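Colleague: This is model_5.txt, which holds compact mmCIF, C-alpha atoms:
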```
# COMPACT_ATOMS: atom_id res chain seq x y z
CA MET G 1 39.02 269.30 -34.13
CA SER G 2 40.65 267.21 -31.45
CA ARG G 3 38.97 266.96 -28.04
CA LEU G 4 42.20 265.91 -26.41
CA ILE G 5 44.19 267.94 -23.90
CA VAL G 6 47.51 266.42 -22.92
CA ALA G 7 48.73 267.00 -19.36
CA PHE G 8 52.45 267.38 -18.82
CA ASP G 9 53.35 265.98 -15.39
CA PRO G 10 57.14 265.94 -15.00
CA GLU G 11 59.06 263.21 -13.21
CA GLY G 12 62.59 264.49 -13.54
CA GLU G 13 62.89 264.90 -17.31
CA PRO G 14 64.70 267.92 -18.75
CA LEU G 15 62.42 270.62 -20.19
CA ARG G 16 63.51 269.76 -23.74
CA TYR G 17 61.73 266.41 -23.36
CA TRP G 18 58.40 268.20 -22.90
CA VAL G 19 59.10 270.72 -25.63
CA GLY G 20 59.82 267.85 -28.00
CA LEU G 21 56.68 266.02 -26.93
CA ALA G 22 54.57 269.15 -27.47
CA GLY G 23 55.86 269.38 -31.02
CA GLU G 24 55.34 265.68 -31.66
CA LEU G 25 51.76 265.64 -30.38
CA CYS G 26 50.69 269.06 -31.64
CA ARG G 27 48.58 267.96 -34.62
CA GLU G 28 46.66 265.46 -32.48
CA ILE G 29 45.69 267.68 -29.53
CA TRP G 30 43.44 270.61 -28.72
CA GLY G 31 45.83 271.91 -26.11
CA VAL G 32 48.43 271.33 -23.42
CA LYS G 33 47.86 271.51 -19.67
CA VAL G 34 50.78 272.14 -17.34
CA GLY G 35 50.43 272.01 -13.58
CA LEU G 36 52.18 273.51 -10.62
CA PRO G 37 54.97 270.87 -10.57
CA PHE G 38 55.86 271.81 -14.14
CA LEU G 39 56.03 275.52 -13.33
CA LEU G 40 57.99 275.01 -10.09
CA ARG G 41 60.59 272.86 -11.89
CA TYR G 42 61.00 274.70 -15.16
CA GLY G 43 59.88 278.24 -14.32
CA SER G 44 57.25 280.36 -16.03
CA SER G 45 59.51 281.10 -19.00
CA SER G 46 59.27 277.42 -19.98
CA LEU G 47 55.76 278.19 -21.21
CA ARG G 48 57.25 280.18 -24.08
CA GLU G 49 59.19 277.12 -25.19
CA ILE G 50 56.11 274.90 -25.07
CA ARG G 51 54.19 277.50 -27.06
CA GLY G 52 57.03 277.74 -29.53
CA ALA G 53 56.79 274.00 -30.16
CA CYS G 54 52.98 273.89 -30.32
CA ASP G 55 50.87 277.01 -30.70
CA LYS G 56 47.62 275.56 -29.40
CA SER G 57 45.71 276.23 -26.19
CA LEU G 58 47.94 276.34 -23.13
CA ILE G 59 46.29 275.84 -19.74
CA ALA G 60 47.99 276.52 -16.41
CA ASP G 61 46.44 274.07 -13.98
CA LEU G 62 47.39 275.96 -10.83
CA LYS G 63 44.31 274.76 -8.92
CA LEU G 64 44.20 278.29 -7.50
CA ALA G 65 42.49 278.27 -4.11
CA ASP G 66 43.35 281.47 -2.31
CA ILE G 67 42.03 284.94 -1.61
CA GLU G 68 41.45 287.28 -4.54
CA PRO G 69 44.65 289.38 -4.47
CA VAL G 70 46.86 286.27 -4.26
CA MET G 71 45.08 284.47 -7.11
CA LEU G 72 45.17 287.60 -9.28
CA SER G 73 48.87 288.01 -8.61
CA SER G 74 49.47 284.43 -9.76
CA VAL G 75 47.50 284.97 -12.96
CA SER G 76 49.33 288.25 -13.53
CA ALA G 77 52.65 286.39 -13.31
CA LEU G 78 51.52 284.19 -16.22
CA ARG G 79 49.88 286.95 -18.26
CA GLY G 80 50.64 286.58 -21.96
CA LEU G 81 52.04 283.09 -21.38
CA VAL G 82 48.86 281.03 -21.03
CA ASP G 83 45.35 280.99 -22.49
CA ALA G 84 43.58 279.75 -19.40
CA VAL G 85 44.02 279.06 -15.69
CA ILE G 86 42.26 276.55 -13.47
CA ALA G 87 40.97 277.60 -10.04
CA HIS G 88 38.85 275.95 -7.34
CA ALA G 89 35.27 277.23 -7.04
CA PHE G 90 35.46 275.84 -3.50
CA VAL G 91 37.03 279.06 -2.19
CA GLY G 92 33.77 280.92 -2.79
CA TYR G 93 32.67 283.93 -4.82
CA ALA G 94 33.04 286.92 -2.46
CA GLY G 95 36.62 288.02 -2.02
CA ALA G 96 37.85 285.19 -4.19
CA ILE G 97 36.35 283.97 -7.51
CA GLU G 98 34.42 287.19 -8.15
CA GLY G 99 37.57 289.27 -8.47
CA LEU G 100 39.56 286.49 -10.11
CA ARG G 101 36.98 286.17 -12.86
CA ARG G 102 36.98 289.90 -13.61
CA GLY G 103 40.75 290.23 -13.34
CA ALA G 104 41.51 287.19 -15.50
CA GLU G 105 39.16 288.49 -18.17
CA GLU G 106 40.95 291.86 -18.17
CA MET G 107 44.25 290.02 -18.57
CA GLY G 108 42.88 287.99 -21.50
CA VAL G 109 43.10 284.73 -19.59
CA LYS G 110 40.17 282.29 -19.63
CA LEU G 111 38.95 281.07 -16.25
CA ILE G 112 38.23 277.38 -15.66
CA LEU G 113 36.66 276.35 -12.34
CA VAL G 114 36.84 272.94 -10.65
CA ALA G 115 33.40 271.47 -9.87
CA SER G 116 34.63 268.08 -8.69
CA MET G 117 37.83 266.05 -8.75
CA SER G 118 38.86 262.66 -10.12
CA HIS G 119 40.23 260.98 -6.96
CA SER G 120 38.17 259.09 -4.37
CA GLY G 121 38.81 261.72 -1.67
CA SER G 122 36.71 264.17 -3.68
CA GLU G 123 33.71 262.38 -2.15
CA GLU G 124 34.76 263.36 1.40
CA VAL G 125 34.33 267.15 1.32
CA ILE G 126 34.04 268.51 -2.24
CA ASP G 127 31.19 266.33 -3.51
CA PRO G 128 28.94 266.80 -0.43
CA ALA G 129 29.32 270.53 -1.16
CA PHE G 130 28.49 270.01 -4.84
CA GLU G 131 25.43 272.30 -4.97
CA ARG G 132 27.27 275.10 -3.18
CA VAL G 133 30.25 274.72 -5.52
CA LEU G 134 27.92 274.87 -8.54
CA GLU G 135 26.33 278.02 -7.14
CA VAL G 136 29.76 279.69 -7.13
CA ILE G 137 30.27 278.54 -10.74
CA ARG G 138 26.82 279.82 -11.71
CA ARG G 139 27.63 283.27 -10.35
CA ALA G 140 31.14 283.36 -11.83
CA GLU G 141 30.16 282.31 -15.37
CA PRO G 142 33.63 280.97 -16.17
CA TRP G 143 34.74 279.87 -19.61
CA GLY G 144 35.15 276.27 -18.50
CA ILE G 145 34.40 273.73 -15.78
CA VAL G 146 36.52 270.79 -14.60
CA ALA G 147 34.60 267.59 -13.81
CA PRO G 148 36.03 264.10 -13.46
CA ALA G 149 35.93 261.45 -16.18
CA THR G 150 36.15 258.90 -13.36
CA ARG G 151 32.61 259.81 -12.26
CA PRO G 152 30.63 260.59 -15.42
CA ALA G 153 27.44 261.05 -13.39
CA VAL G 154 28.96 264.30 -12.10
CA ILE G 155 29.46 265.53 -15.66
CA ALA G 156 25.89 264.59 -16.55
CA ALA G 157 24.60 266.35 -13.41
CA ILE G 158 26.32 269.58 -14.43
CA ARG G 159 24.75 269.45 -17.89
CA GLN G 160 21.34 268.61 -16.39
CA ARG G 161 21.54 271.79 -14.33
CA GLY G 162 21.85 273.81 -17.52
CA PHE G 163 25.52 274.77 -17.52
CA THR G 164 26.62 275.42 -21.09
CA GLN G 165 30.28 276.04 -20.39
CA LYS G 166 33.06 273.90 -21.79
CA ILE G 167 33.61 270.89 -19.54
CA LEU G 168 37.16 269.55 -19.25
CA SER G 169 37.56 266.09 -17.76
CA PRO G 170 40.70 264.68 -16.16
CA GLY G 171 41.00 261.08 -15.00
CA VAL G 172 41.16 259.41 -18.41
CA GLY G 173 43.79 256.67 -18.73
CA ALA G 174 46.07 256.17 -15.74
CA GLN G 175 43.30 257.09 -13.31
CA GLY G 176 40.93 254.56 -14.80
CA ALA G 177 38.38 256.25 -17.06
CA LEU G 178 38.18 255.00 -20.65
CA PRO G 179 38.90 257.43 -23.50
CA GLY G 180 35.58 258.78 -24.72
CA SER G 181 33.66 258.12 -21.51
CA ALA G 182 33.69 261.76 -20.41
CA LEU G 183 32.70 263.04 -23.88
CA ARG G 184 29.80 260.59 -23.89
CA ALA G 185 28.67 261.98 -20.51
CA GLY G 186 28.66 265.54 -21.83
CA ALA G 187 32.25 266.81 -21.55
CA ASP G 188 33.91 268.82 -24.32
CA TYR G 189 37.51 267.83 -23.72
CA GLU G 190 39.30 264.91 -22.10
CA ILE G 191 42.55 265.57 -20.26
CA VAL G 192 45.04 262.72 -20.55
CA GLY G 193 48.45 262.72 -18.90
CA ARG G 194 50.58 259.70 -18.05
CA TYR G 195 48.56 257.36 -20.30
CA ILE G 196 49.99 259.30 -23.24
CA THR G 197 53.22 260.77 -21.90
CA ARG G 198 54.47 257.49 -20.35
CA SER G 199 53.40 255.30 -23.27
CA LYS G 200 56.01 253.78 -25.56
CA ASP G 201 54.56 255.70 -28.48
CA PRO G 202 52.82 258.89 -27.28
CA LEU G 203 51.79 259.94 -30.79
CA ALA G 204 50.16 256.59 -31.56
CA THR G 205 48.38 256.65 -28.20
CA ALA G 206 47.06 260.17 -28.84
CA ARG G 207 45.85 259.08 -32.30
CA ALA G 208 44.09 256.05 -30.83
CA ILE G 209 42.32 258.29 -28.29
CA ASN G 210 41.21 260.66 -31.04
CA LEU G 211 39.81 257.72 -33.03
CA GLN G 212 37.93 256.58 -29.95
CA HIS G 213 36.60 260.12 -29.51
CA GLN G 214 35.36 260.17 -33.09
CA LEU G 215 33.52 256.89 -32.54
CA VAL G 216 31.86 258.29 -29.41
CA LEU G 217 30.94 261.57 -31.03
CA GLY G 218 29.79 259.84 -34.18
CA SER G 219 30.94 262.81 -36.18
CA SER G 220 33.11 263.25 -39.22
CA GLY G 221 35.31 265.78 -37.43
CA GLY G 222 38.84 264.42 -37.46
CA ALA G 223 41.76 265.37 -35.30
CA GLY G 224 44.15 268.15 -36.16
CA MET A 1 60.49 283.76 20.51
CA SER A 2 58.53 285.75 17.94
CA ARG A 3 55.06 284.58 16.95
CA LEU A 4 55.20 286.56 13.74
CA ILE A 5 55.35 285.11 10.22
CA VAL A 6 55.80 287.68 7.49
CA ALA A 7 54.14 286.98 4.14
CA PHE A 8 55.96 288.12 1.03
CA ASP A 9 53.38 289.06 -1.62
CA PRO A 10 55.13 290.63 -4.62
CA GLU A 11 53.73 293.52 -6.64
CA GLY A 12 56.43 293.95 -9.21
CA GLU A 13 59.50 294.49 -7.01
CA PRO A 14 62.80 292.87 -7.96
CA LEU A 15 63.77 289.81 -5.91
CA ARG A 16 66.53 291.74 -4.16
CA TYR A 17 63.86 293.86 -2.44
CA TRP A 18 62.47 290.77 -0.72
CA VAL A 19 65.91 289.39 0.07
CA GLY A 20 66.78 292.70 1.72
CA LEU A 21 63.51 292.76 3.63
CA ALA A 22 64.09 289.20 4.88
CA GLY A 23 67.45 290.26 6.27
CA GLU A 24 66.04 293.43 7.81
CA LEU A 25 63.16 291.68 9.55
CA CYS A 26 64.94 288.46 10.46
CA ARG A 27 65.46 289.11 14.18
CA GLU A 28 61.80 290.07 14.64
CA ILE A 29 60.12 287.13 12.95
CA TRP A 30 59.54 283.41 13.44
CA GLY A 31 59.53 282.76 9.74
CA VAL A 32 58.77 283.84 6.19
CA LYS A 33 55.83 282.69 4.07
CA VAL A 34 56.00 282.91 0.30
CA GLY A 35 53.06 282.13 -1.94
CA LEU A 36 52.52 280.94 -5.46
CA PRO A 37 52.87 284.46 -6.98
CA PHE A 38 56.33 284.74 -5.44
CA LEU A 39 57.44 281.37 -6.84
CA LEU A 40 55.95 282.02 -10.29
CA ARG A 41 57.74 285.37 -10.53
CA TYR A 42 61.12 284.59 -9.03
CA GLY A 43 61.40 280.82 -9.49
CA SER A 44 62.13 278.16 -6.89
CA SER A 45 65.82 279.09 -6.68
CA SER A 46 64.81 282.43 -5.13
CA LEU A 47 64.12 280.49 -1.92
CA ARG A 48 67.86 279.95 -1.49
CA GLU A 49 68.39 283.70 -1.55
CA ILE A 50 65.66 284.31 1.03
CA ARG A 51 67.16 281.59 3.22
CA GLY A 52 70.61 283.10 2.79
CA ALA A 53 69.34 286.42 4.11
CA CYS A 54 67.31 284.92 6.99
CA ASP A 55 67.78 281.34 8.12
CA LYS A 56 64.43 280.97 9.89
CA SER A 57 61.36 278.92 9.00
CA LEU A 58 60.44 279.16 5.35
CA ILE A 59 56.89 278.21 4.39
CA ALA A 60 55.70 277.67 0.81
CA ASP A 61 52.05 278.67 0.78
CA LEU A 62 51.11 276.78 -2.36
CA LYS A 63 47.54 276.12 -1.18
CA LEU A 64 47.97 272.70 -2.75
CA ALA A 65 44.59 271.31 -3.75
CA ASP A 66 45.13 268.49 -6.20
CA ILE A 67 45.39 264.72 -6.43
CA GLU A 68 48.20 263.00 -4.53
CA PRO A 69 50.78 262.51 -7.29
CA VAL A 70 50.52 266.14 -8.40
CA MET A 71 50.83 267.55 -4.87
CA LEU A 72 53.78 265.26 -4.12
CA SER A 73 55.48 266.35 -7.32
CA SER A 74 55.11 270.00 -6.26
CA VAL A 75 56.58 269.32 -2.83
CA SER A 76 59.39 267.33 -4.41
CA ALA A 77 60.24 270.35 -6.59
CA LEU A 78 60.79 272.38 -3.40
CA ARG A 79 62.54 269.65 -1.41
CA GLY A 80 65.45 271.05 0.57
CA LEU A 81 64.31 274.61 -0.13
CA VAL A 82 61.44 275.01 2.36
CA ASP A 83 60.57 273.82 5.86
CA ALA A 84 56.84 273.53 5.34
CA VAL A 85 54.12 273.59 2.69
CA ILE A 86 50.48 274.60 2.98
CA ALA A 87 47.76 272.44 1.42
CA HIS A 88 43.95 272.46 1.46
CA ALA A 89 42.32 269.76 3.58
CA PHE A 90 39.14 270.10 1.50
CA VAL A 91 40.56 267.88 -1.26
CA GLY A 92 40.02 264.94 1.11
CA TYR A 93 42.18 262.24 2.66
CA ALA A 94 41.94 259.30 0.23
CA GLY A 95 44.05 259.78 -2.86
CA ALA A 96 45.08 263.24 -1.74
CA ILE A 97 46.14 264.33 1.78
CA GLU A 98 46.93 260.79 2.97
CA GLY A 99 49.77 260.36 0.51
CA LEU A 100 50.83 264.00 0.71
CA ARG A 101 51.27 263.75 4.46
CA ARG A 102 53.43 260.61 4.22
CA GLY A 103 55.42 261.87 1.26
CA ALA A 104 56.09 265.30 2.73
CA GLU A 105 57.30 263.68 5.95
CA GLU A 106 59.72 261.49 3.98
CA MET A 107 61.01 264.61 2.25
CA GLY A 108 61.52 266.40 5.57
CA VAL A 109 58.85 268.99 4.80
CA LYS A 110 56.23 269.87 7.43
CA LEU A 111 52.61 269.75 6.30
CA ILE A 112 50.21 272.58 7.17
CA LEU A 113 46.52 272.16 6.28
CA VAL A 114 43.94 274.90 5.73
CA ALA A 115 40.87 274.57 7.96
CA SER A 116 39.24 277.86 6.98
CA MET A 117 40.17 281.03 5.12
CA SER A 118 40.25 284.72 5.95
CA HIS A 119 38.00 286.15 3.20
CA SER A 120 34.22 286.43 3.36
CA GLY A 121 33.73 283.85 0.59
CA SER A 122 35.07 281.19 2.94
CA GLU A 123 31.58 281.18 4.45
CA GLU A 124 29.99 280.06 1.15
CA VAL A 125 31.45 276.56 0.76
CA ILE A 126 34.44 275.94 3.03
CA ASP A 127 32.89 276.88 6.36
CA PRO A 128 29.64 274.89 5.85
CA ALA A 129 31.99 271.91 5.28
CA PHE A 130 33.96 272.76 8.44
CA GLU A 131 33.37 269.46 10.27
CA ARG A 132 34.28 267.42 7.19
CA VAL A 133 37.43 269.50 6.68
CA LEU A 134 38.38 268.97 10.33
CA GLU A 135 37.86 265.22 9.93
CA VAL A 136 40.44 265.22 7.11
CA ILE A 137 42.82 267.17 9.38
CA ARG A 138 42.19 264.77 12.26
CA ARG A 139 43.12 261.79 10.09
CA ALA A 140 46.15 263.51 8.53
CA GLU A 141 47.70 264.73 11.80
CA PRO A 142 49.60 267.55 10.09
CA TRP A 143 52.22 269.69 11.80
CA GLY A 144 50.10 272.81 11.51
CA ILE A 145 46.65 274.19 10.74
CA VAL A 146 45.69 277.45 9.00
CA ALA A 147 42.70 279.28 10.49
CA PRO A 148 41.72 282.91 9.94
CA ALA A 149 42.49 285.74 12.34
CA THR A 150 39.50 287.52 10.82
CA ARG A 151 37.16 284.99 12.45
CA PRO A 152 38.70 284.08 15.84
CA ALA A 153 35.68 281.90 16.67
CA VAL A 154 36.98 279.43 14.08
CA ILE A 155 40.34 279.26 15.85
CA ALA A 156 38.63 278.74 19.19
CA ALA A 157 36.43 276.01 17.69
CA ILE A 158 39.48 274.12 16.47
CA ARG A 159 41.06 274.25 19.94
CA GLN A 160 37.77 273.23 21.56
CA ARG A 161 37.75 270.09 19.40
CA GLY A 162 41.07 269.09 20.91
CA PHE A 163 43.48 269.82 18.08
CA THR A 164 46.95 270.44 19.54
CA GLN A 165 48.71 271.31 16.28
CA LYS A 166 50.31 274.65 15.65
CA ILE A 167 47.70 277.10 14.37
CA LEU A 168 48.86 279.73 11.89
CA SER A 169 46.53 282.67 11.30
CA PRO A 170 46.46 284.93 8.25
CA GLY A 171 44.27 288.01 7.98
CA VAL A 172 46.08 290.25 10.47
CA GLY A 173 46.58 293.82 9.33
CA ALA A 174 45.46 294.65 5.81
CA GLN A 175 42.57 292.16 5.98
CA GLY A 176 41.28 293.68 9.20
CA ALA A 177 42.23 291.56 12.21
CA LEU A 178 44.16 293.28 14.99
CA PRO A 179 47.65 292.02 15.85
CA GLY A 180 47.31 289.67 18.80
CA SER A 181 43.67 288.78 18.17
CA ALA A 182 44.45 285.37 16.71
CA LEU A 183 46.95 284.51 19.47
CA ARG A 184 44.32 285.41 22.04
CA ALA A 185 41.87 283.03 20.35
CA GLY A 186 44.36 280.17 20.51
CA ALA A 187 46.65 280.53 17.49
CA ASP A 188 50.42 280.02 17.74
CA TYR A 189 51.52 282.31 14.94
CA GLU A 190 50.10 285.32 13.16
CA ILE A 191 50.82 285.77 9.47
CA VAL A 192 51.16 289.40 8.43
CA GLY A 193 51.83 290.54 4.89
CA ARG A 194 51.07 293.92 3.39
CA TYR A 195 50.58 295.57 6.80
CA ILE A 196 54.33 295.08 7.33
CA THR A 197 55.75 294.89 3.82
CA ARG A 198 53.90 298.01 2.55
CA SER A 199 54.49 300.06 5.68
CA LYS A 200 56.89 303.00 5.64
CA ASP A 201 59.05 301.27 8.23
CA PRO A 202 58.60 297.47 8.04
CA LEU A 203 61.02 296.81 10.91
CA ALA A 204 59.25 299.21 13.27
CA THR A 205 55.89 297.72 12.31
CA ALA A 206 57.13 294.19 12.99
CA ARG A 207 58.48 295.31 16.38
CA ALA A 208 55.17 296.94 17.27
CA ILE A 209 53.33 293.71 16.41
CA ASN A 210 55.73 291.70 18.57
CA LEU A 211 55.11 294.07 21.47
CA GLN A 212 51.39 293.66 21.01
CA HIS A 213 51.88 289.88 20.97
CA GLN A 214 53.78 290.04 24.26
CA LEU A 215 50.96 292.02 25.84
CA VAL A 216 48.41 289.47 24.69
CA LEU A 217 50.48 286.50 25.77
CA GLY A 218 51.39 288.19 29.04
CA SER A 219 54.72 286.44 28.91
CA SER A 220 58.31 287.56 29.29
CA GLY A 221 59.26 285.94 26.00
CA GLY A 222 60.65 288.63 23.75
CA ALA A 223 61.10 288.60 20.03
CA GLY A 224 64.21 287.32 18.32
```
Before anything else, please render the file you have as structure tokens.
Modeller:
Amino acid sequence: MSRLIVAFDPEGEPLRYWVGLAGELCREIWGVKVGLPFLLRYGSSSLREIRGACDKSLIADLKLADIEPVMLSSVSALRGLVDAVIAHAFVGYAGAIEGLRRGAEEMGVKLILVASMSHSGSEEVIDPAFERVLEVIRRAEPWGIVAPATRPAVIAAIRQRGFTQKILSPGVGAQGALPGSALRAGADYEIVGRYITRSKDPLATARAINLQHQLVLGSSGGAG
Amino acid sequence: MSRLIVAFDPEGEPLRYWVGLAGELCREIWGVKVGLPFLLRYGSSSLREIRGACDKSLIADLKLADIEPVMLSSVSALRGLVDAVIAHAFVGYAGAIEGLRRGAEEMGVKLILVASMSHSGSEEVIDPAFERVLEVIRRAEPWGIVAPATRPAVIAAIRQRGFTQKILSPGVGAQGALPGSALRAGADYEIVGRYITRSKDPLATARAINLQHQLVLGSSGGAG
């Protein structure tokens, strides 16, 4: 099973470009992550086309960070279209993540919470609040946790604290982390965007990442 | 001039309901705020219809909380459609708000940063990081700041620290704060959603809030 999630970050392409890429990469990936720019440009119905081209996990990386009724309304708008949504634990449990977790579950959508981010500015406010953020995650018991491949010590710290959730790590490739580095630190999936989608041969790049993952994991589990 | 921003939070209505409401309320409001649920349901092009019905300030409350290139890509998708976007200061300056601020300015979109939120969970992580969040806002020099009407002491604290930006306050009405309470504490605008949009007579409710605002401000400035 592949440990690779490809992130689709549009820069002016028509939707059919991404639909084609989803089909091309499908055998090599665990899932596709689309963010807010993708949904604002192509609309929610575009998710059906991506799913049609590649029926694997589809994650809406909305980075939800609002009060409960607003976050639930956003998830409701994507109900039946995505498998999981990403929200910020930073907004707190009461009146926010508590209701989102319950509501998302009822809608059959997995919840993934951000513990830390991949850019340097994460060290200004989010990381000093790390223990408080983890406390929100502990209470929420989400399906998954986002932690940055660019700072593998953060991934290791989450595992050391006993969290058994799936860890998804962005920051591999264009942001500087090497393929496999997050898996080695304890992550379950690596999220790769531009490094694959802007490469001359996205399929070959995805295959090379999967090979690297297999080396790191030392397992016989191939991609596909 | 009205100090009232009406928030459009959909619950399954057709878009024409909101377009009609924008037209009905237009003379009584300073602007309209739409959130992520609105954009996910109706698409970005719906903003043109809202603008067509009421050519006042239009704020996209995306609660952006991502790395710089992703946030810029979201703003770019709404370029020419909105006057301002709301982002979270807690993502930090480096690699996030710094570039967003510059990019939004180049796109002619005002930046509004969240200092604190209106729900109780804001006290778990965001409020203990208050000084760090304010430091990001100080460096970014955004057009506006979001601070909750439900905790007027937070608004007063921002003013006491010398911030001269516009302060926009959600939490009035359905979330419990009285109309006028945020203005009294130092805010410039009060954001009211369900209290107006779910009332039997939205126009009369908006007028009543404007009257309350005039009492609090003790000015002769009427709505419109």
Colleague: Which residues, written as an MDAnalysis selection string, have at least one atom at most 7 Å from Leu81 (chain G), with all atoms listed in the file counted and residues fewer than 2 positions away on the same chain left out?
Modeller: chainID G and resid 47:48 78:79
Colleague: At a cut-off of 8 Å, using all atoms listed in the file, what residues contact Leu72 (chain G)? Leave out same-chain residues fewer than 6 positions from it and give the result as a PyMOL selection string.
Modeller: chain G and resi 99-100+103-104
Colleague: Kindly list the centre and edge lengths in Å, rounded to one decimal, for the axis-aligned box that covers all listed atoms of region 114-120 of chain A plus 6 Å on each of its six sides, as AutoDock Vina command-line options.
Modeller:
```
--center_x 39.1 --center_y 280.5 --center_z 5.6 --size_x 21.7 --size_y 23.9 --size_z 16.8
```
Colleague: Could you list the residues in chain A lying within 9 Å of chain G, using only C-alpha atoms, and format the result as a JSON list (two decimals) with C-alpha atoms, in the coordinates of the input?
Modeller:
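iface.json written:
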```json
[["chain", "number", "residue", "atom", "x", "y", "z"],
["A", 9, "ASP", "CA", 53.38, 289.06, -1.62],
["A", 10, "PRO", "CA", 55.13, 290.63, -4.62],
["A", 11, "GLU", "CA", 53.73, 293.52, -6.64],
["A", 35, "GLY", "CA", 53.06, 282.13, -1.94],
["A", 36, "LEU", "CA", 52.52, 280.94, -5.46],
["A", 37, "PRO", "CA", 52.87, 284.46, -6.98],
["A", 38, "PHE", "CA", 56.33, 284.74, -5.44],
["A", 39, "LEU", "CA", 57.44, 281.37, -6.84],
["A", 40, "LEU", "CA", 55.95, 282.02, -10.29],
["A", 41, "ARG", "CA", 57.74, 285.37, -10.53],
["A", 42, "TYR", "CA", 61.12, 284.59, -9.03],
["A", 43, "GLY", "CA", 61.40, 280.82, -9.49],
["A", 44, "SER", "CA", 62.13, 278.16, -6.89],
["A", 62, "LEU", "CA", 51.11, 276.78, -2.36],
["A", 63, "LYS", "CA", 47.54, 276.12, -1.18],
["A", 64, "LEU", "CA", 47.97, 272.70, -2.75],
["A", 65, "ALA", "CA", 44.59, 271.31, -3.75],
["A", 66, "ASP", "CA", 45.13, 268.49, -6.20],
["A", 67, "ILE", "CA", 45.39, 264.72, -6.43],
["A", 68, "GLU", "CA", 48.20, 263.00, -4.53],
["A", 70, "VAL", "CA", 50.52, 266.14, -8.40],
["A", 71, "MET", "CA", 50.83, 267.55, -4.87],
["A", 72, "LEU", "CA", 53.78, 265.26, -4.12],
["A", 73, "SER", "CA", 55.48, 266.35, -7.32],
["A", 74, "SER", "CA", 55.11, 270.00, -6.26],
["A", 75, "VAL", "CA", 56.58, 269.32, -2.83],
["A", 76, "SER", "CA", 59.39, 267.33, -4.41],
["A", 77, "ALA", "CA", 60.24, 270.35, -6.59],
["A", 78, "LEU", "CA", 60.79, 272.38, -3.40],
["A", 88, "HIS", "CA", 43.95, 272.46, 1.46],
["A", 89, "ALA", "CA", 42.32, 269.76, 3.58],
["A", 90, "PHE", "CA", 39.14, 270.10, 1.50],
["A", 91, "VAL", "CA", 40.56, 267.88, -1.26],
["A", 92, "GLY", "CA", 40.02, 264.94, 1.11],
["A", 93, "TYR", "CA", 42.18, 262.24, 2.66],
["A", 94, "ALA", "CA", 41.94, 259.30, 0.23],
["A", 95, "GLY", "CA", 44.05, 259.78, -2.86],
["A", 96, "ALA", "CA", 45.08, 263.24, -1.74],
["A", 97, "ILE", "CA", 46.14, 264.33, 1.78],
["A", 117, "MET", "CA", 40.17, 281.03, 5.12],
["A", 118, "SER", "CA", 40.25, 284.72, 5.95],
["A", 119, "HIS", "CA", 38.00, 286.15, 3.20],
["A", 120, "SER", "CA", 34.22, 286.43, 3.36],
["A", 121, "GLY", "CA", 33.73, 283.85, 0.59],
["A", 122, "SER", "CA", 35.07, 281.19, 2.94],
["A", 123, "GLU", "CA", 31.58, 281.18, 4.45],
["A", 124, "GLU", "CA", 29.99, 280.06, 1.15],
["A", 125, "VAL", "CA", 31.45, 276.56, 0.76],
["A", 126, "ILE", "CA", 34.44, 275.94, 3.03],
["A", 128, "PRO", "CA", 29.64, 274.89, 5.85],
["A", 129, "ALA", "CA", 31.99, 271.91, 5.28],
["A", 132, "ARG", "CA", 34.28, 267.42, 7.19],
["A", 133, "VAL", "CA", 37.43, 269.50, 6.68],
["A", 136, "VAL", "CA", 40.44, 265.22, 7.11]]
```
Colleague: For Ser2 (chain G), which of G:Cys26, G:Val82, G:Ile167, G:Val34 is the closest residue, counting only C-alpha atoms?
Modeller: G:Cys26
Colleague: Using CA of Thr150 (chain G) and CA of Arg184 (chain G) as the two end points, give the distance in Å to one decimal.
Modeller: 12.4 Å
Colleague: Between G:Gln175, G:Ile196, G:Glu24, G:Ser181, which one has atoms that come closest to Ala53 (chain G), using all atoms listed in the file?
Modeller: G:Glu24
Colleague: Quick one: everything within 10 Å of Val216 (chain A), counting only C-alpha atoms, minus sequence neighbours fewer than 5 positions away in the same chain. Send it as a list in words.
Modeller: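 Neighbouring residues, sequence-local ones excluded: Pro179, Gly180, Ser181, Ala182, Leu183, Arg184, Asn210 and Leu211 of chain A.
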Colleague: Name the residues in contact with Gly23 (chain G) at a cut-off of 10 Å, using only C-alpha atoms, excluding same-chain residues fewer than 5 positions from it; report them as a ChimeraX atom specification.
Modeller: /G:18,50-55
Colleague: May I ask for the distance between CA of Glu190 (chain G) and CA of Leu4 (chain G), given in Å to one decimal place?
Modeller: 5.3 Å
Colleague: Between CA of Leu113 (chain A) and CA of Arg101 (chain A), what is the spacing in Å?
Modeller: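 Spanning CA of Arg101 (chain A) to CA of Leu113 (chain A) is a straight-line distance of 9.8 Å.
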Colleague: Could you name the residues that touch Leu178 (chain A) at 10 Å or less, counting only C-alpha atoms, but leaving out those on the same chain fewer than 4 positions away, as a PDB file with C-alpha atoms, in the coordinates of the input?
Modeller:
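Once written, result36.pdb looks like this:
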```pdb
ATOM      1  CA  ALA A 149      42.490 285.740  12.340  1.00  0.00           C
ATOM      2  CA  THR A 150      39.500 287.520  10.820  1.00  0.00           C
ATOM      3  CA  GLY A 171      44.270 288.010   7.980  1.00  0.00           C
ATOM      4  CA  VAL A 172      46.080 290.250  10.470  1.00  0.00           C
ATOM      5  CA  GLY A 173      46.580 293.820   9.330  1.00  0.00           C
ATOM      6  CA  ALA A 174      45.460 294.650   5.810  1.00  0.00           C
ATOM      7  CA  ALA A 182      44.450 285.370  16.710  1.00  0.00           C
ATOM      8  CA  ILE A 209      53.330 293.710  16.410  1.00  0.00           C
ATOM      9  CA  GLN A 212      51.390 293.660  21.010  1.00  0.00           C
TER      10      GLN A 212
END
```
